[in-house]
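Here is data38.pdb, consisting of PDB, C-alpha atoms, pLDDT in the B column:
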MODEL        1
ATOM      1  CA  MET J  23      80.134 105.858  97.861  1.00 38.00           C
ATOM      2  CA  GLN J  24      82.740 108.470  96.950  1.00 39.00           C
ATOM      3  CA  GLU J  25      81.455 112.022  97.458  1.00 48.00           C
ATOM      4  CA  ASN J  26      82.714 114.850  95.306  1.00 45.00           C
ATOM      5  CA  VAL J  27      82.564 117.755  97.740  1.00 45.00           C
ATOM      6  CA  ALA J  28      84.461 119.984  95.313  1.00 46.00           C
ATOM      7  CA  ASP J  29      81.713 119.702  92.650  1.00 60.00           C
ATOM      8  CA  PRO J  30      81.318 123.257  91.331  1.00 63.00           C
ATOM      9  CA  SER J  31      77.656 122.680  90.417  1.00 71.00           C
ATOM     10  CA  ALA J  32      76.819 122.080  94.102  1.00 72.00           C
ATOM     11  CA  GLU J  33      78.010 125.521  95.089  1.00 77.00           C
ATOM     12  CA  ARG J  34      76.439 127.049  92.000  1.00 86.00           C
ATOM     13  CA  ILE J  35      72.939 125.893  92.989  1.00 92.00           C
ATOM     14  CA  GLY J  36      73.228 126.597  96.733  1.00 94.00           C
ATOM     15  CA  LEU J  37      73.340 122.909  97.716  1.00 97.00           C
ATOM     16  CA  ARG J  38      73.705 122.418 101.472  1.00 96.00           C
ATOM     17  CA  LYS J  39      73.297 118.670 101.786  1.00 96.00           C
ATOM     18  CA  VAL J  40      72.105 115.487 100.100  1.00 97.00           C
ATOM     19  CA  VAL J  41      70.325 112.714 101.993  1.00 97.00           C
ATOM     20  CA  THR J  42      69.612 109.216 100.671  1.00 97.00           C
ATOM     21  CA  TYR J  43      67.417 106.652 102.429  1.00 97.00           C
ATOM     22  CA  ARG J  44      66.871 103.062 101.370  1.00 97.00           C
ATOM     23  CA  ASP J  45      64.779 100.243 102.758  1.00 94.00           C
ATOM     24  CA  VAL J  46      64.223  96.630 101.771  1.00 94.00           C
ATOM     25  CA  VAL J  47      60.824  94.974 102.219  1.00 89.00           C
ATOM     26  CA  LEU J  48      61.424  91.376 103.343  1.00 91.00           C
ATOM     27  CA  ALA J  49      57.885  90.527 104.458  1.00 89.00           C
ATOM     28  CA  GLU J  50      54.427  91.908 103.755  1.00 84.00           C
ATOM     29  CA  ALA J  51      51.226  90.645 105.374  1.00 85.00           C
ATOM     30  CA  GLY J  52      53.276  87.982 107.135  1.00 89.00           C
ATOM     31  CA  GLN J  53      54.734  86.529 103.944  1.00 89.00           C
ATOM     32  CA  ALA J  54      57.983  86.955 102.061  1.00 88.00           C
ATOM     33  CA  PRO J  55      57.481  88.614  98.688  1.00 85.00           C
ATOM     34  CA  GLU J  56      58.490  86.800  95.509  1.00 85.00           C
ATOM     35  CA  ARG J  57      61.561  89.028  95.568  1.00 87.00           C
ATOM     36  CA  PRO J  58      62.561  91.659  98.129  1.00 91.00           C
ATOM     37  CA  VAL J  59      61.537  95.145  97.036  1.00 94.00           C
ATOM     38  CA  ARG J  60      63.909  98.025  97.618  1.00 96.00           C
ATOM     39  CA  ARG J  61      62.636 101.595  97.949  1.00 97.00           C
ATOM     40  CA  ALA J  62      64.716 104.739  98.190  1.00 98.00           C
ATOM     41  CA  SER J  63      64.483 108.487  98.342  1.00 97.00           C
ATOM     42  CA  ALA J  64      67.168 110.997  97.514  1.00 98.00           C
ATOM     43  CA  ALA J  65      66.765 114.560  98.789  1.00 97.00           C
ATOM     44  CA  ALA J  66      68.751 117.683  97.979  1.00 97.00           C
ATOM     45  CA  VAL J  67      68.578 120.690 100.284  1.00 98.00           C
ATOM     46  CA  ILE J  68      69.158 123.958  98.433  1.00 97.00           C
ATOM     47  CA  ARG J  69      68.912 127.653  99.146  1.00 96.00           C
ATOM     48  CA  ASN J  70      65.595 128.980  97.771  1.00 96.00           C
ATOM     49  CA  PRO J  71      66.659 131.300  94.916  1.00 95.00           C
ATOM     50  CA  TRP J  72      63.315 133.133  94.947  1.00 92.00           C
ATOM     51  CA  ILE J  73      63.168 134.262  98.599  1.00 93.00           C
ATOM     52  CA  GLY J  74      62.126 137.899  98.714  1.00 87.00           C
ATOM     53  CA  THR J  75      60.740 138.031  95.187  1.00 87.00           C
ATOM     54  CA  GLY J  76      57.143 138.970  94.520  1.00 76.00           C
ATOM     55  CA  PRO J  77      54.409 136.929  92.836  1.00 75.00           C
ATOM     56  CA  ASP J  78      55.226 138.468  89.446  1.00 79.00           C
ATOM     57  CA  ALA J  79      58.892 137.431  89.518  1.00 80.00           C
ATOM     58  CA  GLY J  80      60.098 135.322  86.617  1.00 83.00           C
ATOM     59  CA  LEU J  81      61.221 131.870  87.726  1.00 83.00           C
ATOM     60  CA  ALA J  82      62.473 130.466  84.413  1.00 86.00           C
ATOM     61  CA  ALA J  83      66.153 131.424  84.601  1.00 86.00           C
ATOM     62  CA  GLU J  84      66.678 129.653  87.929  1.00 87.00           C
ATOM     63  CA  GLN J  85      64.609 126.655  86.815  1.00 91.00           C
ATOM     64  CA  GLY J  86      66.934 126.085  83.871  1.00 92.00           C
ATOM     65  CA  ARG J  87      70.046 126.592  85.974  1.00 93.00           C
ATOM     66  CA  ILE J  88      69.124 124.453  89.001  1.00 95.00           C
ATOM     67  CA  GLY J  89      66.725 121.792  87.683  1.00 95.00           C
ATOM     68  CA  PRO J  90      69.159 119.777  85.527  1.00 95.00           C
ATOM     69  CA  VAL J  91      71.795 119.667  88.275  1.00 96.00           C
ATOM     70  CA  LEU J  92      69.240 118.320  90.756  1.00 97.00           C
ATOM     71  CA  ALA J  93      67.775 115.849  88.243  1.00 96.00           C
ATOM     72  CA  ARG J  94      71.175 114.318  87.532  1.00 96.00           C
ATOM     73  CA  LEU J  95      72.227 114.284  91.178  1.00 96.00           C
ATOM     74  CA  LEU J  96      69.043 112.693  92.536  1.00 97.00           C
ATOM     75  CA  SER J  97      68.550 110.231  89.655  1.00 97.00           C
ATOM     76  CA  GLY J  98      72.121 109.053  90.102  1.00 97.00           C
ATOM     77  CA  ARG J  99      71.590 108.602  93.829  1.00 97.00           C
ATOM     78  CA  LEU J 100      68.435 106.532  93.232  1.00 97.00           C
ATOM     79  CA  ALA J 101      70.091 104.342  90.600  1.00 97.00           C
ATOM     80  CA  SER J 102      73.037 103.735  92.906  1.00 97.00           C
ATOM     81  CA  ALA J 103      70.847 102.926  95.924  1.00 97.00           C
ATOM     82  CA  LEU J 104      68.549 100.565  94.024  1.00 97.00           C
ATOM     83  CA  GLY J 105      70.938  98.573  91.875  1.00 97.00           C
ATOM     84  CA  GLY J 106      70.858 100.560  88.642  1.00 97.00           C
ATOM     85  CA  VAL J 107      68.328 102.234  86.401  1.00 97.00           C
ATOM     86  CA  ASP J 108      67.021  98.938  84.999  1.00 97.00           C
ATOM     87  CA  ALA J 109      66.073  97.749  88.509  1.00 97.00           C
ATOM     88  CA  ILE J 110      63.778 100.754  89.054  1.00 97.00           C
ATOM     89  CA  GLU J 111      60.112 100.072  88.307  1.00 97.00           C
ATOM     90  CA  ALA J 112      58.283 102.960  90.010  1.00 97.00           C
ATOM     91  CA  PHE J 113      59.126 106.597  90.675  1.00 97.00           C
ATOM     92  CA  GLY J 114      57.874 109.862  92.154  1.00 97.00           C
ATOM     93  CA  LYS J 115      59.046 113.375  92.998  1.00 97.00           C
ATOM     94  CA  ALA J 116      58.388 116.005  95.653  1.00 97.00           C
ATOM     95  CA  ALA J 117      59.408 119.371  97.022  1.00 97.00           C
ATOM     96  CA  VAL J 118      59.212 120.825 100.519  1.00 97.00           C
ATOM     97  CA  VAL J 119      59.546 124.604 100.690  1.00 97.00           C
ATOM     98  CA  GLY J 120      60.669 126.339 103.871  1.00 97.00           C
ATOM     99  CA  THR J 121      58.280 128.685 105.656  1.00 97.00           C
ATOM    100  CA  ALA J 122      59.707 131.869 104.084  1.00 96.00           C
ATOM    101  CA  GLY J 123      58.999 130.548 100.579  1.00 94.00           C
ATOM    102  CA  GLU J 124      55.962 129.775  98.475  1.00 93.00           C
ATOM    103  CA  ILE J 125      54.757 126.337  97.383  1.00 93.00           C
ATOM    104  CA  GLU J 126      55.140 127.596  93.812  1.00 92.00           C
ATOM    105  CA  HIS J 127      58.900 127.792  94.419  1.00 93.00           C
ATOM    106  CA  GLY J 128      59.045 124.020  94.860  1.00 94.00           C
ATOM    107  CA  GLY J 129      56.727 123.439  91.933  1.00 93.00           C
ATOM    108  CA  ALA J 130      58.892 125.707  89.810  1.00 92.00           C
ATOM    109  CA  LEU J 131      61.758 123.255  90.286  1.00 93.00           C
ATOM    110  CA  ILE J 132      60.074 119.854  90.008  1.00 94.00           C
ATOM    111  CA  HIS J 133      57.295 120.463  87.430  1.00 93.00           C
ATOM    112  CA  THR J 134      59.532 121.467  84.539  1.00 91.00           C
ATOM    113  CA  PRO J 135      61.366 119.860  81.632  1.00 92.00           C
ATOM    114  CA  TYR J 136      64.574 120.794  83.447  1.00 92.00           C
ATOM    115  CA  PHE J 137      63.838 118.439  86.343  1.00 94.00           C
ATOM    116  CA  GLY J 138      60.808 116.173  85.844  1.00 94.00           C
ATOM    117  CA  ASN J 139      61.379 115.372  82.184  1.00 95.00           C
ATOM    118  CA  LEU J 140      65.080 114.847  82.783  1.00 95.00           C
ATOM    119  CA  VAL J 141      64.470 112.512  85.761  1.00 96.00           C
ATOM    120  CA  ARG J 142      62.051 110.501  83.603  1.00 96.00           C
ATOM    121  CA  GLU J 143      64.668 110.295  80.817  1.00 96.00           C
ATOM    122  CA  LEU J 144      67.545 109.405  83.152  1.00 97.00           C
ATOM    123  CA  LEU J 145      65.513 106.663  84.853  1.00 96.00           C
ATOM    124  CA  ARG J 146      64.209 105.417  81.471  1.00 96.00           C
ATOM    125  CA  GLY J 147      60.573 106.058  82.270  1.00 95.00           C
ATOM    126  CA  GLU J 148      57.644 106.964  80.050  1.00 94.00           C
ATOM    127  CA  SER J 149      54.923 107.841  82.563  1.00 93.00           C
ATOM    128  CA  ILE J 150      54.470 111.286  83.961  1.00 91.00           C
ATOM    129  CA  ILE J 151      55.971 111.361  87.427  1.00 94.00           C
ATOM    130  CA  CYS J 152      53.450 111.625  90.251  1.00 93.00           C
ATOM    131  CA  PHE J 153      54.310 114.228  92.870  1.00 96.00           C
ATOM    132  CA  ALA J 154      53.715 115.972  96.167  1.00 95.00           C
ATOM    133  CA  ASP J 155      54.703 119.463  97.224  1.00 95.00           C
ATOM    134  CA  THR J 156      54.137 121.493 100.355  1.00 95.00           C
ATOM    135  CA  ARG J 157      55.478 124.211 102.638  1.00 96.00           C
ATOM    136  CA  ALA J 158      56.744 122.952 105.990  1.00 96.00           C
ATOM    137  CA  GLU J 159      59.151 123.429 108.840  1.00 96.00           C
ATOM    138  CA  ALA J 160      62.436 121.598 109.177  1.00 97.00           C
ATOM    139  CA  GLY J 161      62.052 117.900 109.872  1.00 95.00           C
ATOM    140  CA  ASP J 162      58.471 117.502 108.701  1.00 95.00           C
ATOM    141  CA  THR J 163      57.757 114.256 106.842  1.00 95.00           C
ATOM    142  CA  LEU J 164      56.383 114.301 103.317  1.00 94.00           C
ATOM    143  CA  THR J 165      54.741 111.269 101.736  1.00 95.00           C
ATOM    144  CA  VAL J 166      55.979 110.884  98.164  1.00 97.00           C
ATOM    145  CA  PRO J 167      53.637 108.932  95.860  1.00 96.00           C
ATOM    146  CA  LEU J 168      55.105 106.473  93.356  1.00 96.00           C
ATOM    147  CA  TRP J 169      53.704 104.693  90.358  1.00 94.00           C
ATOM    148  CA  HIS J 170      55.054 102.525  87.549  1.00 93.00           C
ATOM    149  CA  LYS J 171      57.628 104.337  85.417  1.00 95.00           C
ATOM    150  CA  THR J 172      56.364 103.007  82.078  1.00 94.00           C
ATOM    151  CA  HIS J 173      52.760 101.961  82.787  1.00 91.00           C
ATOM    152  CA  ALA J 174      51.203 104.472  85.179  1.00 89.00           C
ATOM    153  CA  ALA J 175      47.956 102.485  85.502  1.00 90.00           C
ATOM    154  CA  THR J 176      49.762  99.450  86.990  1.00 90.00           C
ATOM    155  CA  ARG J 177      48.000  99.484  90.345  1.00 93.00           C
ATOM    156  CA  SER J 178      50.420  97.057  92.006  1.00 89.00           C
ATOM    157  CA  HIS J 179      53.050  99.800  91.859  1.00 93.00           C
ATOM    158  CA  TYR J 180      50.918 102.506  93.527  1.00 94.00           C
ATOM    159  CA  GLN J 181      52.851 103.054  96.734  1.00 94.00           C
ATOM    160  CA  THR J 182      54.453 105.759  98.832  1.00 95.00           C
ATOM    161  CA  VAL J 183      57.799 106.556 100.370  1.00 96.00           C
ATOM    162  CA  SER J 184      58.075 108.789 103.421  1.00 95.00           C
ATOM    163  CA  ALA J 185      60.879 111.328 103.153  1.00 95.00           C
ATOM    164  CA  ARG J 186      62.297 113.579 105.851  1.00 94.00           C
ATOM    165  CA  VAL J 187      65.443 115.627 106.388  1.00 97.00           C
ATOM    166  CA  PRO J 188      65.752 116.367 110.130  1.00 96.00           C
ATOM    167  CA  ASP J 189      67.243 119.858 109.758  1.00 97.00           C
ATOM    168  CA  ALA J 190      65.573 120.958 106.520  1.00 98.00           C
ATOM    169  CA  PRO J 191      64.103 122.899 105.000  1.00 98.00           C
ATOM    170  CA  ARG J 192      65.219 125.958 106.876  1.00 98.00           C
ATOM    171  CA  PRO J 193      62.855 128.889 106.225  1.00 98.00           C
ATOM    172  CA  ASP J 194      64.884 129.991 103.177  1.00 97.00           C
ATOM    173  CA  GLU J 195      65.466 126.515 101.685  1.00 98.00           C
ATOM    174  CA  ILE J 196      63.796 123.962  99.436  1.00 97.00           C
ATOM    175  CA  VAL J 197      64.140 120.193  99.749  1.00 98.00           C
ATOM    176  CA  VAL J 198      63.771 118.497  96.356  1.00 98.00           C
ATOM    177  CA  ILE J 199      63.114 114.759  96.495  1.00 98.00           C
ATOM    178  CA  ALA J 200      63.155 111.931  93.960  1.00 98.00           C
ATOM    179  CA  ALA J 201      61.984 108.507  95.087  1.00 98.00           C
ATOM    180  CA  ALA J 202      61.782 105.079  93.490  1.00 98.00           C
ATOM    181  CA  SER J 203      61.050 101.398  94.034  1.00 97.00           C
ATOM    182  CA  THR J 204      62.275  98.173  92.452  1.00 97.00           C
ATOM    183  CA  GLY J 205      58.872  96.506  92.511  1.00 93.00           C
ATOM    184  CA  PRO J 206      55.260  96.513  93.649  1.00 90.00           C
ATOM    185  CA  ARG J 207      54.027  97.408  97.102  1.00 84.00           C
TER     186      ARG J 207
ENDMDL
END

Structure rendered as structure tokens:
Amino acid sequence: MQENVADPSAERIGLRKVVTYRDVVLAEAGQAPERPVRRASAAAVIRNPWIGTGPDAGLAAEQGRIGPVLARLLSGRLASALGGVDAIEAFGKAAVVGTAGEIEHGGALIHTPYFGNLVRELLRGESIICFADTRAEAGDTLTVPLWHKTHAATRSHYQTVSARVPDAPRPDEIVVIAAASTGPR
């Protein structure tokens, strides 16, 4: 995959790195599935724009500036890793805030029309996107829940993807994650 390291939006949002993981499930309970299921997570590590602000600080300006860039970046990574938007059947989102930040900082990025709604639109979903968010040290694993992108109550698609960036988040960073699957668990 060609990387555009000169992308001006990356610098504009404080992007340090992007990590994409993909796995393919070839057997479950000792049997091959009807079709192999691919699962992926895409994570963006950014500088936390709200470090040092108090609880009354307005978060909206940064949400609108950063959220759409992350939504496009991570949705594109998932589509590329899983064979296109039409192959994706389940999705989820998450944020891991470094220890100098607040959990609300992660929520301020992923629970907005600027990120969540845009990810849903880009991945052609209709369901709300299930989520996880936490504060953690670099390298901690977060379990990202997934469910069906158009029929949330489709229990066969309730599954999780474990996501981890070994050197993130640093205390003043946020890791924003989008995850998806091409089929049921």

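Among the candidates J:Pro71, J:Pro58, J:Gly52, J:Tyr43, the residue lying nearest to Glu124 (chain J) is J:Pro71 (atoms considered: all atoms listed in the file).
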
Please enumerate the residues selected by the PyMOL selection byres ((chain J and resi 178-194) around 6) when evaluated against the supplied file, formatted as a PyMOL selection string.
chain J and resi 70+120-122+160-161+163-170+176-177+195-197+206-207

Residues within 9 Å of (52.3, 111.4, 84.8), file coords, all atoms listed in the file, listed as JSON, numbers by chain:
{"J": [148, 149, 150, 151, 152, 153, 169, 171, 174]}

I'd like to know which of J:Ile88, J:Val41, J:Val59, J:Leu48 is closest to Ala200 (chain J), using all atoms listed in the file.
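Comparing J:Ile88, J:Val41, J:Val59, J:Leu48 against Ala200 (chain J), the winner is J:Val41.
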
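Relative to CA of Ala175 (chain J), CA of Ala66 (chain J) is found at 28.6 Å.
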
Counting all atoms listed in the file, which residues come within 8 Å of (73.4, 110.9, 96.3), with the point read in the file's coordinates, and could you list them as a PyMOL selection string?
chain J and resi 40-42+64-65+95-96+98-100+102

Do you know which residues are at most 12 Å from Ala82 (chain J) counting all atoms listed in the file, after dropping those on the same chain fewer than 2 positions away, and could you put them as a list in words?
Pro71, Trp72, Asp78, Ala79, Gly80, Glu84, Gln85, Gly86, Arg87, Ile88, Gly89, His127, Gly129, Ala130, Leu131, His133, Thr134, Pro135 and Tyr136 of chain J

Taking only C-alpha atoms into account, which of J:Ala117, J:Leu81, J:Leu92, J:Ala112 comes nearest Ile35 (chain J)?
J:Leu92

Name the closest residue to Arg60 (chain J) among the candidates J:Leu37, J:Ala109, J:Leu144, J:Ala93; distances are taken between atoms, counting all atoms listed in the file.
J:Ala109

Between J:Ala62, J:Ala49, J:Gly123, J:Thr156, which residue has the minimum interatomic distance to Gly74 (chain J), considering only C-alpha atoms?
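Nearest to Gly74 (chain J): J:Gly123.
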
Just the number, please: distance in Å from CA of Ser31 (chain J) to CA of Ala201 (chain J), one decimal.
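Computing it gives 21.6 Å between the two atoms.
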
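CA of Arg44 (chain J) sits 13.6 Å away from CA of Gly106 (chain J).
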